[in-house]
Amino acid sequence: MMYKHGLIWLRRDLRLVDNQALNQAAACSQQMSVVFVLDTCILQSLPPTDQRVAFIMDAIRDIHADLVAQGSGLIVVHGDPVVAIPAIVQELGVDAVFFNRDYEPYAVKRDAMVMERVGVPVHTAKDTVIFESNEVLSKTGTTYKVYTPYKNQWLREFSSRPVVPLGELSQPVWASIPEGVTVYSDNWYSRLGFTNRQAFLPGGRKPALARMAQWASRMGGYHTYRDIPSLAHTSMLSPYIRFGCVSIRELVAMAWRYKGDAGADVWLSELIWRDFYQMIVATHPQCDRQSIKPEYDAIPWEGRSEWFDAWSAGQTGYPIVDAAMRQLNTTGLMHNRCRMIVASFLCKTLLVDWRRGEAYFAEKLLDFDFASNNGGWGWASSSGCDAQPYFRIFNPTLQSQKFDPDGHYIRQYCPELAGLNAKQIHAPQGVLAYPEPIVDYADMRQRALVLFSHYVKQTA
Ligand SMILES: Cc1cc2nc3c(=O)[nH]c(=O)nc-3n(C[C@H](O)[C@H](O)[C@H](O)COP(=O)(O)OP(=O)(O)OC[C@H]3O[C@@H](n4cnc5c(N)ncnc54)[C@H](O)[C@@H]3O)c2cc1C
């Protein structure tokens, strides 16, 4: 089938290279246009300072510039995609729409409505993951609930049919932009009412490729240093992965090139965790409302509202927790080890419903990804797939001593503790500018065990 004019709808795949939907469109369209929707359903709930908008704007500005250089431009519309996509299809007179599949509950519903209303053929492609939920199955044909067998099967599948990057498109034909159709412009910032023009990391493909190249030379030490937040020895590629400035194929191919190296192998397993959580979300669409293990929804969370406020402000009196929350609040990022510590602290020490933490992360994270966030909170609260058992409760002081032994990370984000030595800094006493612990960890651990054991039937 050859179309006269294909429309590519970019969403979480902000690049023109190695993009499955785009390649599919190029293969069967005489000419192509590209659209990005500034989605009112998402944007209306964001504060004006939200840095993800700046990150996205960087990325779409560069895409627009690339398209202008090739005689076209990036069409940008502001509205509900369910209305905006059918409208732009009509306005341009395109005869097919192409986009990459998104497995988040909101996106699945949105895309179904767009497909119903758009009035022309829609072609969707796999792009966000290496393997979709029906591609990594157990011997009995079921989806996995546990990561390690999933990973082993994932690796078997990948070894037998490696997924490779698609490379540059050869001579795509872009349609010119008709009069009256809006394209990207810097004015979008003020039109949308967002004030933060610079994200903690710049968005777009160029910085993503630079970071990837840098990471290729550091990946070797990942297995040794990845848990030490002060070393920041992780790729920091997550926002670029989230918004698709690089493709997951490019990243997996990079790790695969160094296969056998311990750092590269562990890093690849993290990318597989990402596929695992995308699969979990695709197969548990109710996870935006319910715990995957339903017994967790019966727990009467006892945590006080002021404890949640202290947690979110980085004022709990537990330095590793406070440093991590302040990192999140000031940069939009948080080291993975610290995400695990603060998540455990919120739901198993402060006994606050994990969904409040999930929502706070969703609001603040530059790399916010529904599947990884939901999976991470499910893991920490024990309510998700392949989660840690409810009776594993992180002791924040021991975690701090183990993973930030000299207190470098704590000093970076809690300057009022900078004068303490490596022994004092994990459990400071009598520092006037720093809060006393808001709860007693040992007491709360006992309370948590009683509460969880009452509602949850689980063995080690
Ligand atoms: C409570 C909680 C919430 C989280 N929320 C998010 C989120 O919203 N968005 C997000 O991208 N990650 C999330 N993670 C996973 C992880 O913390 C981040 O992916 C990681 O810290 C990003 O830093 P990096 O790019 O340097 O990672 P690296 O260590 O360099 O890992 C490379 C990539 O692998 C993927 N990855 C790594 N660890 C995980 C993991 N545990 N689960 C899924 N994918 C992983 C990410 O895409 C990451 O960029 C969460 C983890 C927890 C415990």
# chains A, B, ... in the order shown; residues from 1 in each chain; ligands from 1
>>> closest_atom_pairs(of="segment 228-319 of chain A", to="segment 431-451 of chain A", cutoff="7 Å", atoms="only C-alpha atoms", output="tab-separated table")
residue	atom	partner	partner_atom	distance
A:Gln315	CA	A:Pro435	CA	6.4
A:Thr316	CA	A:Ile438	CA	5.5
A:Gly317	CA	A:Pro437	CA	3.9
A:Tyr318	CA	A:Pro437	CA	6.1
>>> write_last_selection(atoms="all heavy atoms", output="PDB file, in the first residue's frame")
ATOM      1  N   GLN A 315      13.184  16.812  55.140  1.00  0.00           N
ATOM      2  CA  GLN A 315      13.312  17.308  56.520  1.00  0.00           C
ATOM      3  C   GLN A 315      12.891  16.224  57.516  1.00  0.00           C
ATOM      4  O   GLN A 315      12.199  16.495  58.485  1.00  0.00           O
ATOM      5  CB  GLN A 315      12.413  18.552  56.727  1.00  0.00           C
ATOM      6  CG  GLN A 315      12.766  19.762  55.900  1.00  0.00           C
ATOM      7  CD  GLN A 315      14.060  20.451  56.375  1.00  0.00           C
ATOM      8  OE1 GLN A 315      14.555  20.195  57.472  1.00  0.00           O
ATOM      9  NE2 GLN A 315      14.602  21.317  55.535  1.00  0.00           N
ATOM     10  N   THR A 316      13.317  14.989  57.288  1.00  0.00           N
ATOM     11  CA  THR A 316      12.881  13.901  58.171  1.00  0.00           C
ATOM     12  C   THR A 316      13.818  13.687  59.356  1.00  0.00           C
ATOM     13  O   THR A 316      13.496  12.953  60.285  1.00  0.00           O
ATOM     14  CB  THR A 316      12.826  12.551  57.410  1.00  0.00           C
ATOM     15  OG1 THR A 316      14.172  12.212  57.012  1.00  0.00           O
ATOM     16  CG2 THR A 316      11.927  12.625  56.197  1.00  0.00           C
ATOM     17  N   GLY A 317      15.026  14.277  59.272  1.00  0.00           N
ATOM     18  CA  GLY A 317      16.017  14.000  60.314  1.00  0.00           C
ATOM     19  C   GLY A 317      16.820  12.730  60.022  1.00  0.00           C
ATOM     20  O   GLY A 317      17.672  12.344  60.821  1.00  0.00           O
ATOM     21  N   TYR A 318      16.561  12.086  58.892  1.00  0.00           N
ATOM     22  CA  TYR A 318      17.373  10.949  58.433  1.00  0.00           C
ATOM     23  C   TYR A 318      18.171  11.456  57.224  1.00  0.00           C
ATOM     24  O   TYR A 318      17.599  11.643  56.123  1.00  0.00           O
ATOM     25  CB  TYR A 318      16.486   9.748  58.065  1.00  0.00           C
ATOM     26  CG  TYR A 318      15.944   9.051  59.292  1.00  0.00           C
ATOM     27  CD1 TYR A 318      14.751   9.464  59.883  1.00  0.00           C
ATOM     28  CD2 TYR A 318      16.655   8.012  59.892  1.00  0.00           C
ATOM     29  CE1 TYR A 318      14.275   8.858  61.036  1.00  0.00           C
ATOM     30  CE2 TYR A 318      16.182   7.395  61.039  1.00  0.00           C
ATOM     31  CZ  TYR A 318      14.994   7.809  61.610  1.00  0.00           C
ATOM     32  OH  TYR A 318      14.529   7.215  62.758  1.00  0.00           O
TER      33      TYR A 318
END
>>> closest_atom_pairs(of="chain A", to="ligand 1", cutoff="8 Å", atoms="only C-alpha atoms and all ligand atoms", output="CSV")
residue,atom,partner,partner_atom_place_in_ligand_line,distance
A:Tyr222,CA,ligand 1,29 (O),7.9
A:Arg226,CA,ligand 1,29 (O),6.6
A:Ala232,CA,ligand 1,26 (O),7.6
A:His233,CA,ligand 1,26 (O),7.5
A:Thr234,CA,ligand 1,26 (O),4.0
A:Ser235,CA,ligand 1,30 (O),3.6
A:Met236,CA,ligand 1,26 (O),3.3
A:Leu237,CA,ligand 1,25 (O),4.0
A:Ser238,CA,ligand 1,49 (O),3.3
A:Pro239,CA,ligand 1,11 (O),6.8
A:Tyr240,CA,ligand 1,49 (O),7.9
A:Ile241,CA,ligand 1,47 (O),5.8
A:Arg242,CA,ligand 1,11 (O),6.2
A:Trp267,CA,ligand 1,31 (O),6.1
A:Leu268,CA,ligand 1,34 (O),7.5
A:Ser269,CA,ligand 1,34 (O),7.8
A:Glu270,CA,ligand 1,37 (C),4.3
A:Leu271,CA,ligand 1,34 (O),4.1
A:Ile272,CA,ligand 1,44 (N),7.3
A:Trp273,CA,ligand 1,43 (C),4.8
A:Arg274,CA,ligand 1,44 (N),3.7
A:Asp275,CA,ligand 1,43 (C),7.5
A:Phe276,CA,ligand 1,43 (C),7.7
A:Tyr277,CA,ligand 1,43 (C),6.4
A:Leu333,CA,ligand 1,21 (O),7.6
A:Met334,CA,ligand 1,21 (O),6.2
A:His335,CA,ligand 1,21 (O),4.9
A:Asn336,CA,ligand 1,17 (O),3.6
A:Arg337,CA,ligand 1,17 (O),7.1
A:Cys338,CA,ligand 1,53 (C),7.7
A:Arg339,CA,ligand 1,53 (C),4.6
A:Met340,CA,ligand 1,53 (C),4.2
A:Ile341,CA,ligand 1,53 (C),7.9
A:Val342,CA,ligand 1,1 (C),7.7
A:Ala343,CA,ligand 1,1 (C),5.4
A:Glu358,CA,ligand 1,1 (C),7.1
A:Phe361,CA,ligand 1,8 (O),6.9
A:Ala362,CA,ligand 1,8 (O),6.5
A:Leu365,CA,ligand 1,8 (O),6.3
A:Asp367,CA,ligand 1,9 (N),4.8
A:Phe368,CA,ligand 1,8 (O),3.5
A:Asp369,CA,ligand 1,8 (O),4.0
A:Phe370,CA,ligand 1,8 (O),6.0
A:Ala371,CA,ligand 1,8 (O),7.3
A:Ser372,CA,ligand 1,43 (C),4.5
A:Asn373,CA,ligand 1,5 (N),3.3
A:Asn374,CA,ligand 1,3 (C),6.8
A:Gly375,CA,ligand 1,42 (N),6.9
A:Gly376,CA,ligand 1,2 (C),3.7
A:Trp377,CA,ligand 1,1 (C),4.3
A:Gly378,CA,ligand 1,1 (C),7.7
A:Trp379,CA,ligand 1,53 (C),7.1
A:Ala380,CA,ligand 1,1 (C),6.5
>>> residues_around(residues="Tyr144 of chain A", least_positions_apart="6", cutoff="10 Å", atoms="only C-alpha atoms", output="ChimeraX atom specification")
/A:133,136-138,150-151,153,276,279-280,385-386
>>> residues_around(residues="Cys414 of chain A", least_positions_apart="2", cutoff="10 Å", atoms="only C-alpha atoms", output="PyMOL selection string")
chain A and resi 314-315+319-320+322-324+326-327+408-412+416-418+434
>>> atom_distance(atom1="atom CA of Tyr3 of chain A", atom2="atom CA of Ser29 of chain A")
4.5 Å
>>> closest_atom_pairs(of="segment 341-432 of chain A", to="segment 291-301 of chain A", cutoff="7 Å", atoms="only C-alpha atoms", output="JSON lines")
{"residue": "A:Leu351", "atom": "CA", "partner": "A:Trp301", "partner_atom": "CA", "distance": 5.6}
{"residue": "A:Val352", "atom": "CA", "partner": "A:Trp301", "partner_atom": "CA", "distance": 5.5}
{"residue": "A:Asp353", "atom": "CA", "partner": "A:Trp301", "partner_atom": "CA", "distance": 5.6}
{"residue": "A:Ser383", "atom": "CA", "partner": "A:Lys293", "partner_atom": "CA", "distance": 5.2}
{"residue": "A:Gly384", "atom": "CA", "partner": "A:Ile292", "partner_atom": "CA", "distance": 5.1}
{"residue": "A:Cys385", "atom": "CA", "partner": "A:Ile292", "partner_atom": "CA", "distance": 6.7}
